[in-house]
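Enquirer: Take a look at this one; I'll ask things after.
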Amino acid sequence: MAKQTRKLKHDDLTRRMIRNSSDERAAARGDRFNPEAASFTVWWIERYCRLYEGEQAGQPLRLMSVADQPDWDIPDYFDWDNKHIRNLYLDRLEWHLDLYDRGINLHWQYDFHIRLYGWQTESKHFNRWVRRFREGLVFIAKKNCKSPTLAANVLYLTCGDGEPGAKSFIMAKTGKQARKIAGQHILEMLNRSIELSTESKFNRTEMRLYHDTTSSICEPLSSDNRKSREANEGINGNVCIDELHVVDRQTVDIVDRAGISRAESLHLEFSTAGKDNTTYGRERFDYGLRVQNSQHEDMTLCTCIHAAPQDVKPEELTEENVLHYARMANPAWNHTINPEELLTDFLKSRRTPHKLAEFMVYRLNVWRQSGDPFIKVSDWDRGTVPHLTFDTFRGQSCHAAFDMSDGGDLAAFAWNFEQDGKPHIIVDHWLPKVQALKVRDSIEYFSWEGRGEIRLLPGRLIDQEDIYEDIMATVQQYDLKIQSVAYDPNRARVLAKLLEDAGYVLELFRQNNREFHAWIEKFESLVLGDEQTGEPGLYHNDSRILRWQVQHCQLDKDRNNYKRLIKPGAEENKKIDGIVAAVMTLRARELAEPEAISAYESANPDWLERLKQLR
């Protein structure tokens, strides 16, 4: 009778753990949810894994159900063999399921772990019950406890899962990042557990953890080059991948079948949304979402995806609805997620398109649909001075920069004048007429030529000597004094040599992320101007071709978050050369400014005169 009662209870729990059609199908074939297996994993993580940063540093990592959950009177040190403790965890499971049944918004940590480690299937091969799930996929916004939870899972699989000789491997985009996870997150947690640090060894050189009790290991995998990837083929064990959105498909393919000969190996992937829709990470996000929403069945994949709708547009976000979308992506609401801080982040981010795009990726878990926009057209328009011409600056000094084409593309030369202490930009453009004819139905080059904003050159290629002659004609006509010229030597050596021979100072500006970053930030800040008054910090003439370029100018970021300007990926007819040249003028302008002479280096410093007067 007791066995029958327990079976009924297990069947009821299994029914209550069904979340999608994959769970329904698994239950129909006889899979079950084991509350003790699920609760044991939660107990082990909370017993041995401690936080190492923030206000809760040193405290046990509690796998939360909701932000204000009771502490269940669980002491800091407690054993699973203690019947009272075990019953507390089983009662907590019932409480969690009751919250779920009532539709209460739950934290992700507890729910994901009881599903991942609690669902079981009967294995004829191993002649016992084993974990049903072989894969776990988590996509969640930042600040939702992702990193410490990943570290806790790696430690559990290495030291707590009970498999003798278990092997767990940490993978990231680079070996350096994987070693950082092992060296920082894993080691920090290890050092805060008396038991684990006593029964384990950690090799700091290799970032390799060895657990004496089970003879298990945990180590980072390198995916930096072909030899490293080939060396990883044939690994057998658990694989934990961090920030899946930047990990390449080729690397993941190598470890895709790691652990297939083991009874309960796990392949875990933790990430936020990303900025490249062609990656393996986006592919997994879409696949996992289909499984989670019962649009596809996969009984071996446990998903935990929290995100705002992927079709939400930046312009649709307001103070009134952003918190609604944020709750969808942040299950740690009111725990590690502070609604006031998130709203402040939104209000600050929405000032610029690319920062708003980043907010959507990192805080709403929405994949970026294209490159980060650089500047809003509305912000650009505030700096427009309708009748600004070269005649406005007759006889004045200026700084300049040019972005040349490879012969058949748009070329630009930007002039940076100062008026009332603020930069004023005018940009000249050139393009072979034959190229303008090809796109005359979609791009207004001929209209812009009529406005004097571009010169359409004869022939199929640009002759840089023609550009040099146009520049010199402008200098002579308006008596302009060019102080310095920034240039990228790529595709521009002819014009650079002509200007240098004419006596102008040229400043090298290589168009890479590291070189561009600071000047892009400066340019953006000037366009935005004063946040309180809305007054721009940079002005420009009413150039239609330049405004056209602003509309599709985007940002690219490297792994260090250094920026450079790019045009939309496959849209060759969209140009940004004028904006690029305008940004470059800021560097030319700053490098040419004379350094202030220190009072101590002056031949007759003021402080010395004042000292003499005192005496």
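Each chain in the structure tokens gets a letter, A, B, ..., in the order shown, and its residues are numbered from 1; ligands are numbered from 1 in order too.
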Mind checking DSSP for range 415-485 of chain A and telling me the strand (DSSP E or B) residues as a VMD selection string?

Expert: chain A and resid 415 to 419 422 to 432 454 to 457 481 to 485

Enquirer: Could you take the residues named above and write them with C-alpha atoms, as a short mmCIF file (atom, residue, chain, number, x, y, z; two decimals), in the first residue's frame?

Expert:
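Result saved to result_2.cif:
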```
data_model
loop_
_atom_site.label_atom_id
_atom_site.label_comp_id
_atom_site.auth_asym_id
_atom_site.auth_seq_id
_atom_site.Cartn_x
_atom_site.Cartn_y
_atom_site.Cartn_z
CA TRP A 415 36.53 70.39 -43.18
CA ASN A 416 36.32 71.23 -39.47
CA PHE A 417 36.07 74.94 -38.60
CA GLU A 418 35.65 76.50 -35.16
CA GLN A 419 33.02 79.11 -34.42
CA LYS A 422 32.31 74.67 -31.32
CA PRO A 423 33.24 72.60 -34.39
CA HIS A 424 31.36 73.27 -37.64
CA ILE A 425 31.59 70.58 -40.34
CA ILE A 426 31.39 70.80 -44.13
CA VAL A 427 32.04 67.70 -46.25
CA ASP A 428 32.81 67.47 -49.96
CA HIS A 429 32.14 64.25 -51.90
CA TRP A 430 33.24 62.72 -55.20
CA LEU A 431 31.93 59.75 -57.22
CA PRO A 432 32.45 58.48 -60.78
CA ILE A 454 29.10 66.14 -54.60
CA ARG A 455 31.11 66.23 -57.80
CA LEU A 456 30.42 63.44 -60.30
CA LEU A 457 33.70 62.70 -62.09
CA LYS A 481 44.36 77.73 -43.79
CA ILE A 482 44.41 73.95 -43.23
CA GLN A 483 46.33 73.25 -40.00
CA SER A 484 46.36 69.44 -40.22
CA VAL A 485 44.85 66.60 -42.21
#
```

Enquirer: When you look at Leu97 in chain A with a cut-off of 8 Å (counting only C-alpha atoms), what residues show up, excluding the ones that are within fewer than 4 positions of it in the same chain? I need them as a short mmCIF file (atom, residue, chain, number, x, y, z; two decimals) with N, CA and C atoms, in the first residue's frame.

Expert:
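Okay, this is what ended up in selection_18.cif:
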```cif
data_model
loop_
_atom_site.label_atom_id
_atom_site.label_comp_id
_atom_site.auth_asym_id
_atom_site.auth_seq_id
_atom_site.Cartn_x
_atom_site.Cartn_y
_atom_site.Cartn_z
N ARG A 16 2.52 17.61 -12.64
CA ARG A 16 2.67 19.03 -12.32
C ARG A 16 3.94 19.63 -12.90
N MET A 17 4.90 18.78 -13.27
CA MET A 17 6.16 19.27 -13.85
C MET A 17 6.10 19.40 -15.36
N LEU A 93 9.88 22.11 -2.47
CA LEU A 93 9.50 21.74 -3.82
C LEU A 93 7.99 21.86 -4.01
N ASP A 101 1.61 26.71 -10.09
CA ASP A 101 0.21 26.42 -10.40
C ASP A 101 -0.65 27.67 -10.30
#
```

Enquirer: Within 7 Å of Asp577 in chain A, counting only C-alpha atoms, which residues show up once you throw out same-chain ones fewer than 4 positions away? Write them as number ranges by chain, please.

Expert: A: 403, 410-412, 581

Enquirer: If you run DSSP on the backbone here, which positions in range 187-298 of chain A get alpha helix (DSSP H)? Please write them as a PyMOL selection string.

Expert: chain A and resi 187-191+194-198+226-231+249-255+280-292

Enquirer: Any chance you can output those residues with N, CA and C atoms as a short mmCIF file (atom, residue, chain, number, x, y, z; two decimals), in the first residue's frame?

Expert:
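again_31.cif written:
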```cif
data_model
loop_
_atom_site.label_atom_id
_atom_site.label_comp_id
_atom_site.auth_asym_id
_atom_site.auth_seq_id
_atom_site.Cartn_x
_atom_site.Cartn_y
_atom_site.Cartn_z
N LEU A 187 37.29 28.87 -8.86
CA LEU A 187 38.26 28.92 -7.76
C LEU A 187 37.73 29.73 -6.58
N GLU A 188 37.05 30.84 -6.86
CA GLU A 188 36.52 31.67 -5.78
C GLU A 188 35.49 30.90 -4.96
N MET A 189 34.62 30.15 -5.64
CA MET A 189 33.64 29.34 -4.91
C MET A 189 34.33 28.22 -4.13
N LEU A 190 35.33 27.63 -4.75
CA LEU A 190 36.06 26.54 -4.11
C LEU A 190 36.71 27.02 -2.81
N ASN A 191 37.31 28.20 -2.87
CA ASN A 191 38.01 28.73 -1.69
C ASN A 191 37.07 29.04 -0.53
N ILE A 194 34.89 25.04 2.86
CA ILE A 194 35.91 24.31 3.62
C ILE A 194 36.04 22.88 3.13
N GLU A 195 34.88 22.22 2.93
CA GLU A 195 34.90 20.81 2.53
C GLU A 195 35.50 20.63 1.13
N LEU A 196 35.00 21.39 0.16
CA LEU A 196 35.47 21.22 -1.21
C LEU A 196 36.95 21.56 -1.36
N SER A 197 37.40 22.62 -0.71
CA SER A 197 38.81 23.00 -0.81
C SER A 197 39.71 21.97 -0.13
N THR A 198 39.17 21.27 0.88
CA THR A 198 39.95 20.25 1.58
C THR A 198 40.12 19.00 0.73
N ARG A 226 43.01 26.10 -34.76
CA ARG A 226 42.65 24.80 -35.32
C ARG A 226 43.26 23.66 -34.54
N LYS A 227 44.54 23.78 -34.14
CA LYS A 227 45.20 22.71 -33.39
C LYS A 227 44.50 22.46 -32.06
N SER A 228 44.11 23.53 -31.40
CA SER A 228 43.41 23.38 -30.12
C SER A 228 42.08 22.67 -30.32
N ARG A 229 41.36 23.04 -31.39
CA ARG A 229 40.07 22.42 -31.63
C ARG A 229 40.23 20.93 -31.96
N GLU A 230 41.25 20.61 -32.74
CA GLU A 230 41.48 19.20 -33.07
C GLU A 230 41.84 18.40 -31.84
N ALA A 231 42.58 19.02 -30.92
CA ALA A 231 42.98 18.32 -29.69
C ALA A 231 41.77 18.03 -28.81
N ARG A 249 30.28 28.01 -34.42
CA ARG A 249 29.64 26.71 -34.66
C ARG A 249 30.66 25.59 -34.80
N GLN A 250 31.78 25.87 -35.42
CA GLN A 250 32.80 24.84 -35.65
C GLN A 250 33.33 24.28 -34.34
N THR A 251 33.53 25.15 -33.37
CA THR A 251 34.03 24.72 -32.07
C THR A 251 33.02 23.86 -31.34
N VAL A 252 31.75 24.29 -31.35
CA VAL A 252 30.71 23.53 -30.66
C VAL A 252 30.51 22.17 -31.30
N ASP A 253 30.63 22.09 -32.62
CA ASP A 253 30.45 20.81 -33.31
C ASP A 253 31.43 19.76 -32.80
N ILE A 254 32.63 20.19 -32.42
CA ILE A 254 33.66 19.24 -31.97
C ILE A 254 33.26 18.58 -30.67
N VAL A 255 32.60 19.33 -29.77
CA VAL A 255 32.24 18.78 -28.46
C VAL A 255 30.77 18.37 -28.40
N TYR A 280 25.79 30.42 -34.25
CA TYR A 280 25.25 29.20 -33.64
C TYR A 280 24.36 29.55 -32.46
N GLY A 281 24.75 30.58 -31.71
CA GLY A 281 23.97 30.98 -30.55
C GLY A 281 22.56 31.38 -30.92
N ARG A 282 22.38 32.15 -32.00
CA ARG A 282 21.03 32.55 -32.43
C ARG A 282 20.25 31.33 -32.90
N GLU A 283 20.94 30.43 -33.55
CA GLU A 283 20.31 29.20 -34.01
C GLU A 283 19.77 28.40 -32.82
N ARG A 284 20.57 28.29 -31.75
CA ARG A 284 20.15 27.57 -30.56
C ARG A 284 19.02 28.30 -29.82
N PHE A 285 19.09 29.62 -29.79
CA PHE A 285 18.04 30.42 -29.15
C PHE A 285 16.70 30.13 -29.82
N ASP A 286 16.66 30.20 -31.14
CA ASP A 286 15.41 29.98 -31.88
C ASP A 286 14.91 28.55 -31.69
N TYR A 287 15.84 27.58 -31.73
CA TYR A 287 15.47 26.19 -31.56
C TYR A 287 14.91 25.95 -30.15
N GLY A 288 15.62 26.46 -29.15
CA GLY A 288 15.18 26.29 -27.77
C GLY A 288 13.83 26.94 -27.52
N LEU A 289 13.57 28.10 -28.14
CA LEU A 289 12.30 28.78 -27.97
C LEU A 289 11.16 27.95 -28.58
N ARG A 290 11.43 27.30 -29.70
CA ARG A 290 10.40 26.45 -30.31
C ARG A 290 10.09 25.26 -29.40
N VAL A 291 11.12 24.67 -28.81
CA VAL A 291 10.90 23.56 -27.88
C VAL A 291 10.12 24.04 -26.66
N GLN A 292 10.52 25.16 -26.12
CA GLN A 292 9.88 25.70 -24.92
C GLN A 292 8.42 26.03 -25.16
#
```

Enquirer: For CA of Ile337 in chain A and CA of Leu88 in chain A, determine how far apart the two atoms are, in Å to one decimal place.

Expert: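 One can read the CA of Ile337 in chain A to CA of Leu88 in chain A distance as 27.2 Å.
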
Enquirer: Give me, as a Markdown table, the closest atom pair and its distance (Å, one decimal) for every residue of range 176-290 of chain A within a cut-off of 8 Å of range 115-138 of chain A, counting only C-alpha atoms, rows sorted by chain and rising number.

Expert:
```
| residue | atom | partner | partner_atom | distance |
| --- | --- | --- | --- | --- |
| A:Ala263 | CA | A:Val130 | CA | 6.7 |
| A:Glu264 | CA | A:Arg131 | CA | 5.8 |
| A:Ser265 | CA | A:Arg134 | CA | 6.3 |
| A:Leu266 | CA | A:Arg134 | CA | 4.9 |
| A:His267 | CA | A:Glu135 | CA | 4.7 |
| A:Leu268 | CA | A:Gly136 | CA | 4.7 |
| A:Glu269 | CA | A:Leu137 | CA | 4.9 |
| A:Phe270 | CA | A:Val138 | CA | 4.8 |
| A:Ser271 | CA | A:Val138 | CA | 6.2 |
| A:Gly288 | CA | A:Leu137 | CA | 7.1 |
```

Enquirer: Quick one: pull the distance between CA of Ala588 in chain A and CA of Ala400 in chain A, Å, one decimal.

Expert: 6.7 Å

Enquirer: Could you check the closest approach to Ala28 in chain A for each of A:Asn203, A:Thr14, A:Ser147, A:Asn321 and tell me which residue wins, using only C-alpha atoms?

Expert: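 Distance minimum relative to Ala28 in chain A lands on A:Thr14.
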
Enquirer: So what do you get for CA of Glu219 in chain A versus CA of Phe169 in chain A, distance-wise?

Expert: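 Those two atoms sit 5.2 Å apart.
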
Enquirer: Give me the residues within 9 Å of Arg547 in chain A as a PyMOL selection string, counting only C-alpha atoms and dropping any in the same chain fewer than 4 places off.

Expert: chain A and resi 377+380-381+542-543+551

Enquirer: Write the residues you've just listed into a file as a PDB file, in the first residue's frame, and include C-alpha atoms for each of them.

Expert:
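Contents of part-v8.pdb, as written:
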```pdb
ATOM      1  CA  VAL A 377      18.595  61.596 -37.518  1.00  0.00           C
ATOM      2  CA  TRP A 380      21.749  65.156 -36.245  1.00  0.00           C
ATOM      3  CA  ASP A 381      19.136  67.617 -37.524  1.00  0.00           C
ATOM      4  CA  ASP A 542      22.292  71.400 -44.534  1.00  0.00           C
ATOM      5  CA  SER A 543      23.915  68.611 -46.533  1.00  0.00           C
ATOM      6  CA  GLN A 551      20.410  57.301 -41.539  1.00  0.00           C
TER       7      GLN A 551
END
```

Enquirer: Give me the residues near Arg92 in chain A as a PyMOL selection string, where near means some atom within 10 Å (using only C-alpha atoms) and where sequence neighbours in that chain fewer than 6 positions away do not count.

Expert: chain A and resi 39+65+69-72+86+98

Enquirer: Quick one: residues within 12 Å of Tyr100 in chain A, only C-alpha atoms, excluding same-chain residues fewer than 4 positions away - as a ChimeraX atom specification?

Expert: /A:16-19,65-66,93-96,104-108,110-111

Enquirer: Which neighbours of Trp367 in chain A fall inside 6 Å, counting only C-alpha atoms, when residues of the same chain fewer than 6 positions from it are skipped, and could you give them as number ranges by chain?

Expert: A: 273-275, 361

Enquirer: Could you write out that same residue set with C-alpha atoms as a compact mmCIF listing (two decimals), in the first residue's frame?

Expert:
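part.txt, freshly written:
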```
# COMPACT_ATOMS: atom_id res chain seq x y z
CA ALA A 273 21.12 37.34 -26.52
CA GLY A 274 23.71 38.58 -29.00
CA LYS A 275 24.36 40.96 -31.86
CA VAL A 361 20.27 42.98 -26.00
```
